[in-house]
$ cat coords-v6.cif   # mmCIF, C-alpha atoms
data_work
loop_
_atom_site.label_atom_id
_atom_site.label_comp_id
_atom_site.auth_asym_id
_atom_site.auth_seq_id
_atom_site.Cartn_x
_atom_site.Cartn_y
_atom_site.Cartn_z
CA MET A 235 0.00 0.00 0.00
CA THR A 236 1.43 3.36 -1.08
CA ASN A 237 2.70 5.83 1.52
CA ALA A 238 4.51 8.51 -0.42
CA VAL A 239 4.73 12.02 -1.78
CA THR A 240 5.62 12.15 -5.47
CA ARG A 241 6.67 15.60 -6.66
CA PHE A 242 6.54 16.63 -10.32
CA MET A 243 7.16 19.57 -12.64
CA LEU A 244 5.45 20.82 -15.77
CA ASP A 245 8.62 22.49 -17.01
CA ALA A 246 7.12 24.03 -20.13
CA LEU A 247 4.52 25.83 -18.00
CA ASP A 248 6.51 26.65 -14.85
CA ILE A 249 4.02 24.76 -12.68
CA ARG A 250 5.06 22.41 -9.90
CA GLY A 251 3.01 19.84 -8.05
CA ALA A 252 2.82 16.68 -5.99
CA VAL A 253 0.68 13.61 -5.54
CA VAL A 254 0.35 12.33 -1.97
CA GLN A 255 -1.03 8.87 -1.21
CA LEU A 256 -1.12 7.58 2.37
CA GLY A 257 -2.42 4.11 3.16
CA SER A 258 -1.04 2.12 6.09
CA THR A 259 0.74 5.22 7.46
CA TRP A 260 -2.61 7.02 7.69
CA GLN A 261 -4.22 3.97 9.28
CA GLN A 262 -1.47 3.89 11.93
CA VAL A 263 -2.21 7.51 12.85
CA CYS A 264 -5.82 6.48 13.56
CA VAL A 265 -5.24 3.24 15.49
CA GLY A 266 -7.48 3.19 18.56
CA ARG A 267 -8.83 6.69 17.92
CA HIS A 268 -12.38 5.76 16.85
CA TYR A 269 -12.97 9.03 14.99
CA PRO A 270 -16.39 9.64 13.43
CA PRO A 271 -16.12 9.50 9.61
CA ALA A 272 -16.47 13.28 9.16
CA VAL A 273 -13.70 13.99 11.70
CA GLN A 274 -11.47 11.30 10.21
CA SER A 275 -11.90 12.80 6.76
CA LEU A 276 -10.79 16.27 7.94
CA LEU A 277 -7.78 14.87 9.78
CA GLY A 278 -6.77 12.72 6.81
CA GLN A 279 -6.93 15.66 4.44
CA MET A 280 -4.73 17.67 6.82
CA CYS A 281 -2.24 14.79 6.97
CA ALA A 282 -2.07 14.71 3.19
CA VAL A 283 -1.45 18.43 2.71
CA THR A 284 1.04 18.60 5.61
CA ALA A 285 3.10 15.81 4.04
CA VAL A 286 3.17 17.73 0.75
CA ILE A 287 4.35 20.94 2.43
CA ALA A 288 6.91 19.11 4.61
CA ALA A 289 8.37 17.50 1.48
CA ASN A 290 9.72 20.96 0.58
CA LEU A 291 11.73 21.34 3.80
CA LYS A 292 15.38 21.78 2.86
CA GLN A 293 16.97 21.11 6.26
CA ALA A 294 16.30 19.36 9.56
CA ALA A 295 13.03 20.81 10.83
CA ARG A 296 9.52 19.99 11.98
CA ILE A 297 6.44 21.76 10.67
CA THR A 298 3.23 21.75 12.70
CA PHE A 299 -0.23 22.86 11.65
CA GLN A 300 -2.95 23.49 14.25
CA LEU A 301 -6.47 24.20 13.01
CA SER A 302 -8.63 25.31 15.94
CA GLY A 303 -12.24 26.42 16.25
CA HIS A 304 -15.36 26.47 18.40
CA GLY A 305 -17.43 23.77 16.70
CA PRO A 306 -17.79 20.04 17.44
CA VAL A 307 -14.18 19.68 16.27
CA SER A 308 -12.12 22.08 18.40
CA LEU A 309 -8.62 21.12 17.26
CA LEU A 310 -6.81 19.36 14.43
CA VAL A 311 -3.04 19.02 14.84
CA ILE A 312 -0.53 17.52 12.40
CA ASP A 313 3.22 17.64 12.55
CA CYS A 314 5.80 16.27 10.14
CA ASN A 315 9.58 16.52 9.86
CA GLU A 316 11.88 16.79 6.85
CA ARG A 317 12.11 12.97 6.71
CA LEU A 318 8.31 12.88 6.32
CA ASN A 319 7.69 11.20 9.66
CA LEU A 320 4.13 12.30 10.40
CA ARG A 321 1.68 12.20 13.31
CA GLY A 322 -1.54 13.96 14.29
CA TYR A 323 -4.81 13.92 16.17
CA ALA A 324 -8.23 15.53 16.38
CA ARG A 325 -10.01 16.78 19.50
CA HIS A 326 -13.77 16.59 19.12
CA GLU A 327 -17.11 16.27 20.82
CA ALA A 328 -20.03 14.33 19.36
CA ALA A 329 -19.79 15.00 15.63
CA PRO A 330 -22.76 15.00 13.26
CA VAL A 331 -23.37 11.77 11.36
CA GLY A 332 -22.89 11.79 7.61
CA PRO A 333 -20.99 14.14 5.28
CA THR A 334 -20.39 17.45 7.02
CA GLY A 335 -18.46 20.50 5.88
CA LEU A 336 -15.57 22.23 7.57
CA GLN A 337 -17.60 25.18 8.81
CA GLU A 338 -20.20 22.95 10.48
CA LEU A 339 -17.50 20.96 12.27
CA LEU A 340 -14.95 23.63 13.08
CA GLY A 341 -16.98 26.81 13.34
CA ASP A 342 -14.96 30.02 13.39
CA GLY A 343 -11.29 29.36 13.76
CA ARG A 344 -7.70 29.98 12.79
CA LEU A 345 -4.72 28.12 11.40
CA LEU A 346 -1.39 28.22 13.22
CA MET A 347 1.78 27.13 11.47
CA SER A 348 4.91 26.46 13.55
CA LEU A 349 8.30 25.73 12.03
CA ASP A 350 10.85 24.34 14.46
CA MET A 351 14.26 24.30 12.77
CA GLU A 352 17.28 22.52 14.15
CA GLY A 353 19.49 25.00 15.96
CA ALA A 354 16.85 27.71 16.18
CA ARG A 355 16.25 29.24 19.61
CA GLN A 356 12.46 29.07 19.19
CA PRO A 357 9.94 28.01 16.53
CA TRP A 358 8.82 30.47 13.87
CA GLN A 359 5.04 30.87 13.97
CA SER A 360 2.39 32.30 11.68
CA TYR A 361 -1.37 32.70 12.20
CA VAL A 362 -3.83 32.70 9.29
CA PRO A 363 -7.62 33.19 9.59
CA VAL A 364 -9.63 30.20 8.42
CA GLU A 365 -11.06 31.10 5.02
CA GLY A 366 -12.87 28.57 2.88
CA GLU A 367 -15.36 25.75 3.10
CA SER A 368 -12.85 22.90 3.03
CA ILE A 369 -9.38 21.90 4.22
CA ALA A 370 -8.18 22.36 0.63
CA ALA A 371 -9.51 25.92 0.47
CA VAL A 372 -7.98 26.83 3.84
CA PHE A 373 -4.54 25.67 2.74
CA GLU A 374 -4.84 27.24 -0.70
CA HIS A 375 -5.39 30.52 1.12
CA TYR A 376 -2.46 29.82 3.45
CA LEU A 377 -0.10 29.07 0.54
CA ALA A 378 -1.24 32.13 -1.40
CA GLN A 379 -0.53 34.27 1.67
CA SER A 380 2.80 32.72 2.62
CA GLU A 381 4.32 32.15 -0.83
CA GLN A 382 2.56 34.85 -2.87
CA GLN A 383 1.69 32.34 -5.59
CA PRO A 384 -1.67 30.68 -6.35
CA ALA A 385 -2.07 26.99 -5.54
CA LEU A 386 -4.63 24.25 -6.08
CA LEU A 387 -5.33 21.38 -3.71
CA VAL A 388 -7.65 18.44 -4.25
CA LEU A 389 -7.91 16.29 -1.10
CA PHE A 390 -9.77 13.11 -0.19
CA ALA A 391 -9.65 10.91 2.91
CA ASN A 392 -11.57 8.01 4.43
CA GLN A 393 -10.69 5.37 7.01
CA GLU A 394 -8.41 3.56 4.56
CA GLN A 395 -6.52 6.30 2.72
CA ALA A 396 -5.63 9.99 2.73
CA THR A 397 -4.73 11.38 -0.68
CA GLY A 398 -4.27 14.61 -2.53
CA LEU A 399 -3.10 16.47 -5.61
CA PHE A 400 -1.17 19.72 -5.26
CA LEU A 401 -0.34 22.32 -7.92
CA GLN A 402 1.43 25.66 -7.62
CA LYS A 403 2.00 28.36 -10.20
CA LEU A 404 5.60 29.59 -10.27
CA PRO A 405 6.51 33.25 -10.91
CA GLY A 406 7.46 32.77 -14.59
CA ALA A 407 4.40 30.75 -15.59
CA ASP A 408 2.53 33.50 -17.46
CA LEU A 409 5.60 34.29 -19.55
CA LYS A 410 5.75 30.70 -20.78
CA ASP A 411 2.01 30.21 -21.40
CA ALA A 412 -0.56 32.86 -20.49
CA ASP A 413 -3.34 30.26 -20.31
CA GLY A 414 -1.26 27.40 -18.92
CA TRP A 415 -2.26 27.75 -15.26
CA ASN A 416 -5.99 27.95 -16.02
CA ARG A 417 -5.77 24.94 -18.32
CA ILE A 418 -3.90 22.78 -15.81
CA VAL A 419 -6.19 23.79 -12.94
CA HIS A 420 -9.21 22.78 -15.02
CA LEU A 421 -7.69 19.39 -15.79
CA ALA A 422 -6.59 18.78 -12.19
CA SER A 423 -10.04 19.64 -10.85
CA THR A 424 -11.47 16.63 -12.71
CA VAL A 425 -9.49 14.09 -10.67
CA LYS A 426 -11.67 11.65 -8.74
CA ALA A 427 -11.12 10.18 -5.30
CA GLU A 428 -11.05 6.68 -6.80
CA GLU A 429 -8.20 7.64 -9.12
CA LEU A 430 -6.01 9.03 -6.34
CA MET A 431 -6.77 6.05 -4.11
CA GLU A 432 -6.47 3.24 -6.66
CA LEU A 433 -3.93 4.36 -9.28
CA SER A 434 -0.21 5.03 -8.98
CA ALA A 435 0.98 8.63 -9.02
CA GLU A 436 2.34 8.12 -12.53
CA GLU A 437 -0.99 6.80 -13.80
CA VAL A 438 -2.86 9.71 -12.20
CA LEU A 439 -0.60 12.26 -13.88
CA LEU A 440 -0.74 10.53 -17.26
CA ARG A 441 -4.54 10.55 -17.16
CA LEU A 442 -4.80 14.19 -16.14
CA PHE A 443 -2.03 15.74 -18.20
CA PHE A 444 -1.66 13.38 -21.15
CA GLU A 445 -0.93 16.26 -23.54
CA GLU A 446 1.72 17.82 -21.28
CA GLU A 447 5.31 16.85 -20.57
CA VAL A 448 5.48 15.86 -16.91
CA ARG A 449 8.81 15.42 -15.11
CA MET A 450 8.41 13.24 -12.05
CA PHE A 451 10.79 13.04 -9.11
CA GLU A 452 11.50 9.98 -7.02
CA ALA A 453 8.69 9.21 -4.60
CA ARG A 454 9.51 9.93 -0.96
CA PRO A 455 8.08 7.57 1.70
CA VAL A 456 5.87 8.95 4.47
CA THR A 457 6.00 7.16 7.83
CA HIS A 458 4.40 7.20 11.26
CA ASP A 459 7.24 6.08 13.52
CA PHE A 460 6.94 7.36 17.08
CA PRO A 461 7.80 4.57 19.55
CA PRO A 462 6.95 5.06 23.24
CA ASP A 463 9.46 7.15 25.19
CA ARG A 464 8.85 6.50 28.88
CA ASP A 465 12.04 8.27 29.96
CA LYS A 466 10.88 11.49 28.30
CA ILE A 467 7.58 11.32 30.20
CA ALA A 468 9.45 10.61 33.44
CA THR A 469 11.52 13.76 32.89
CA MET A 470 8.33 15.75 32.33
CA LEU A 471 6.81 14.40 35.54
CA ARG A 472 9.91 15.34 37.53
CA SER A 473 9.55 18.87 36.20
CA LEU A 474 6.09 19.06 37.81
CA GLY A 475 7.66 18.65 41.23
CA HIS A 476 7.29 16.18 44.08
CA GLU A 477 4.34 17.94 45.71
CA GLU A 478 2.28 18.02 42.51
CA ILE A 479 2.91 14.32 41.89
CA LYS A 480 1.83 13.50 45.46
CA ARG A 481 -1.35 15.53 44.89
CA ILE A 482 -2.13 13.56 41.71
CA LEU A 483 -1.47 10.27 43.50
CA ALA A 484 -3.74 11.27 46.39
CA GLU A 485 -6.54 11.99 43.93
CA HIS A 486 -6.10 9.15 41.42
CA GLY A 487 -3.81 6.54 43.02
CA GLU A 488 -1.57 6.57 39.93
CA VAL A 489 -0.25 8.96 37.29
CA ARG A 490 -1.70 8.48 33.83
CA ILE A 491 -0.42 10.48 30.83
CA HIS A 492 -1.72 10.25 27.27
CA ASP A 493 0.47 11.58 24.47
CA ASP A 494 -2.20 12.69 22.00
CA LEU A 495 0.10 13.31 19.03
CA SER A 496 2.05 10.06 19.24
CA ASN A 497 -0.98 8.14 20.58
CA HIS A 498 0.69 6.45 23.55
CA GLU A 499 -0.57 6.11 27.12
CA TYR A 500 1.84 5.98 30.06
CA ILE A 501 0.83 4.74 33.51
CA PHE A 502 3.03 5.21 36.57
CA SER A 503 2.03 3.35 39.72
CA ARG A 504 2.39 5.08 43.09
CA GLU A 505 5.74 3.38 43.66
CA GLU A 506 7.05 4.25 40.20
CA ALA A 507 5.93 7.87 40.43
CA LEU A 508 7.50 8.41 43.86
CA ALA A 509 10.69 6.67 42.72
CA LEU A 510 11.18 9.46 40.18
CA PHE A 511 12.20 11.70 43.07
CA SER A 512 14.45 9.23 44.86
CA GLN A 513 18.16 9.93 44.79
CA GLY A 514 18.94 6.99 42.53
CA ARG A 515 16.22 7.71 39.96
CA PRO A 516 16.06 4.14 38.65
CA THR A 517 15.16 3.47 35.03
CA LEU A 518 11.51 2.40 34.78
CA HIS A 519 10.20 -0.34 32.52
#

$ encode --input "coords-v6.cif" --output "structure tokens"
Amino acid sequence: MTNAVTRFMLDALDIRGAVVQLGSTWQQVCVGRHYPPAVQSLLGQMCAVTAVIAANLKQAARITFQLSGHGPVSLLVIDCNERLNLRGYARHEAAPVGPTGLQELLGDGRLLMSLDMEGARQPWQSYVPVEGESIAAVFEHYLAQSEQQPALLVLFANQEQATGLFLQKLPGADLKDADGWNRIVHLASTVKAEELMELSAEEVLLRLFFEEEVRMFEARPVTHDFPPDRDKIATMLRSLGHEEIKRILAEHGEVRIHDDLSNHEYIFSREEALALFSQGRPTLH
């Protein structure tokens, strides 16, 4: 099952693009989450577009997108590094049954982009108002704002796959073909979910742009590889302080932490939690 971003160029038109197809990687993000179909579709579409954008990172970095609002879905978070290792989650209340649009699920909201680059003292952040009736429209607006060039996104996601087609007009496009961008956008807009989910990236591009010369780059794999890190959680608990841990133990009898992004749950018994503050600080298993 395909898990990759395949970038391409229409050199004669100065238009770049990418096909993203996530199968088992997307399914791993959702293991044990039990998202309603409408929520899962939004999260899958965000995974697809985040992988496309992360594929353009030129150095060690992690890009995070947070889409927040005041509807049944209050938060969608995806992050991905330059190696295309991706994770994400959705925070939601009871979501409507059946197909539901972004505005009905999210309500009013905003998009936060954070770029954490290796060696930087703090992440670079940018806020963008949510404009559009779909995840694709929101990110088209974001790309137009951040890169000053128009873009097209076609995104689909269900419980099995998260897929998308991305196009962006480069600065010299009109000089090469004044109608090229409009023509390619029209062709790309005809792509069907079944094509992106069932055909290879090469077959999709041949069907859409059979009269154009398409230069494809090597597909880059997208993974979801975030093993449990109990030592990291232990360090975080120590930072809370001995008194706070004793308060939690008095109330709950144990310390339970759920890492939403990586989808791991950590449970520290009373003995394990108190041992974090002993002089030896033994390694816990």

$ residues_around --input "coords-v6.cif" --residues "Ile369 of chain A" --least-positions-apart "2" --cutoff "8 Å" --atoms "all atoms listed in the file" --output "PyMOL selection string"
chain A and resi 276+279-280+336+366-367+371-373+389

$ residues_around --input "coords-v6.cif" --residues "segment 455-467 of chain A" --least-positions-apart "2" --cutoff "9 Å" --atoms "only C-alpha atoms" --output "NGL selection string"
:A and (236-240 or 255-256 or 258-260 or 262-263 or 285 or 317-321 or 453 or 469-472 or 491 or 496-500 or 517-519)

$ resolve_selection --input "coords-v6.cif" --expression "the PyMOL selection byres ((chain A and resi 364) around 8)" --output "count of residues only"
9

$ closest_residue --input "coords-v6.cif" --among "A:Ala422, A:Glu352, A:Leu404, A:Pro306" --to "Leu440 of chain A" --atoms "only C-alpha atoms"
A:Ala422

$ atom_distance --input "coords-v6.cif" --atom1 "atom CA of Ala294 of chain A" --atom2 "atom CA of Asp245 of chain A"
27.8 Å

$ resolve_selection --input "coords-v6.cif" --expression "the PyMOL selection byres ((chain A and resi 307) around 9)" --output "list in words"
Val273, Ser302, Gly303, His304, Gly305, Pro306, Ser308, Leu309, Leu310, Ala324, Arg325, His326, Glu327, Ala328, Ala329, Glu338, Leu339, Leu340 and Gly341 of chain A

$ residues_around --input "coords-v6.cif" --residues "Ser512 of chain A" --least-positions-apart "6" --cutoff "12 Å" --atoms "all atoms listed in the file" --output "PDB file with C-alpha atoms, in the coordinates of the input"
ATOM      1  CA  ARG A 472       9.910  15.340  37.530  1.00  0.00           C
ATOM      2  CA  HIS A 476       7.290  16.180  44.080  1.00  0.00           C
ATOM      3  CA  GLU A 505       5.740   3.380  43.660  1.00  0.00           C
ATOM      4  CA  GLU A 506       7.050   4.250  40.200  1.00  0.00           C
TER       5      GLU A 506
END

$ closest_residue --input "coords-v6.cif" --among "A:Ala468, A:Met347, A:Leu433, A:Leu508" --to "Leu483 of chain A" --atoms "all atoms listed in the file"
A:Leu508

$ closest_residue --input "coords-v6.cif" --among "A:Val425, A:Leu301, A:Val265, A:Ala272" --to "Gly335 of chain A" --atoms "all atoms listed in the file"
A:Ala272

$ atom_distance --input "coords-v6.cif" --atom1 "atom CA of Pro271 of chain A" --atom2 "atom CA of Gly257 of chain A"
16.1 Å

$ closest_residue --input "coords-v6.cif" --among "A:Phe502, A:Phe299, A:Phe511, A:Tyr269" --to "Ser360 of chain A" --atoms "all atoms listed in the file"
A:Phe299

$ atom_distance --input "coords-v6.cif" --atom1 "atom CA of Ala252 of chain A" --atom2 "atom CA of Ser275 of chain A"
19.9 Å

$ closest_residue --input "coords-v6.cif" --among "A:Leu495, A:Leu277, A:Ala295, A:Ala246" --to "Ala354 of chain A" --atoms "only C-alpha atoms"
A:Ala295

$ resolve_selection --input "coords-v6.cif" --expression "the PyMOL selection byres ((chain A and resi 243) around 12)" --output "VMD selection string"
chain A and resid 240 to 242 244 to 253 400 to 404 407 418 439 443 446 to 452

$ closest_residue --input "coords-v6.cif" --among "A:Val438, A:Ala484, A:Val311, A:Cys281" --to "Gln261 of chain A" --atoms "all atoms listed in the file"
A:Cys281

$ residues_around --input "coords-v6.cif" --residues "Leu377 of chain A" --least-positions-apart "6" --cutoff "10 Å" --atoms "all atoms listed in the file" --output "PDB file with C-alpha atoms, keeping the file's coordinate frame"
ATOM      1  CA  ILE A 287       4.350  20.940   2.430  1.00  0.00           C
ATOM      2  CA  ALA A 371      -9.510  25.920   0.470  1.00  0.00           C
ATOM      3  CA  GLN A 383       1.690  32.340  -5.590  1.00  0.00           C
ATOM      4  CA  PRO A 384      -1.670  30.680  -6.350  1.00  0.00           C
ATOM      5  CA  ALA A 385      -2.070  26.990  -5.540  1.00  0.00           C
ATOM      6  CA  LEU A 386      -4.630  24.250  -6.080  1.00  0.00           C
ATOM      7  CA  GLN A 402       1.430  25.660  -7.620  1.00  0.00           C
TER       8      GLN A 402
END

$ decode --input "coords-v6.cif" --residues "segment 292-317 of chain A" --atoms "C-alpha atoms" --output "CSV table (one decimal), in the first residue's frame"
chain,number,residue,atom,x,y,z
A,292,LYS,CA,15.4,21.8,2.9
A,293,GLN,CA,17.0,21.1,6.3
A,294,ALA,CA,16.3,19.4,9.6
A,295,ALA,CA,13.0,20.8,10.8
A,296,ARG,CA,9.5,20.0,12.0
A,297,ILE,CA,6.4,21.8,10.7
A,298,THR,CA,3.2,21.8,12.7
A,299,PHE,CA,-0.2,22.9,11.7
A,300,GLN,CA,-3.0,23.5,14.2
A,301,LEU,CA,-6.5,24.2,13.0
A,302,SER,CA,-8.6,25.3,15.9
A,303,GLY,CA,-12.2,26.4,16.2
A,304,HIS,CA,-15.4,26.5,18.4
A,305,GLY,CA,-17.4,23.8,16.7
A,306,PRO,CA,-17.8,20.0,17.4
A,307,VAL,CA,-14.2,19.7,16.3
A,308,SER,CA,-12.1,22.1,18.4
A,309,LEU,CA,-8.6,21.1,17.3
A,310,LEU,CA,-6.8,19.4,14.4
A,311,VAL,CA,-3.0,19.0,14.8
A,312,ILE,CA,-0.5,17.5,12.4
A,313,ASP,CA,3.2,17.6,12.5
A,314,CYS,CA,5.8,16.3,10.1
A,315,ASN,CA,9.6,16.5,9.9
A,316,GLU,CA,11.9,16.8,6.9
A,317,ARG,CA,12.1,13.0,6.7
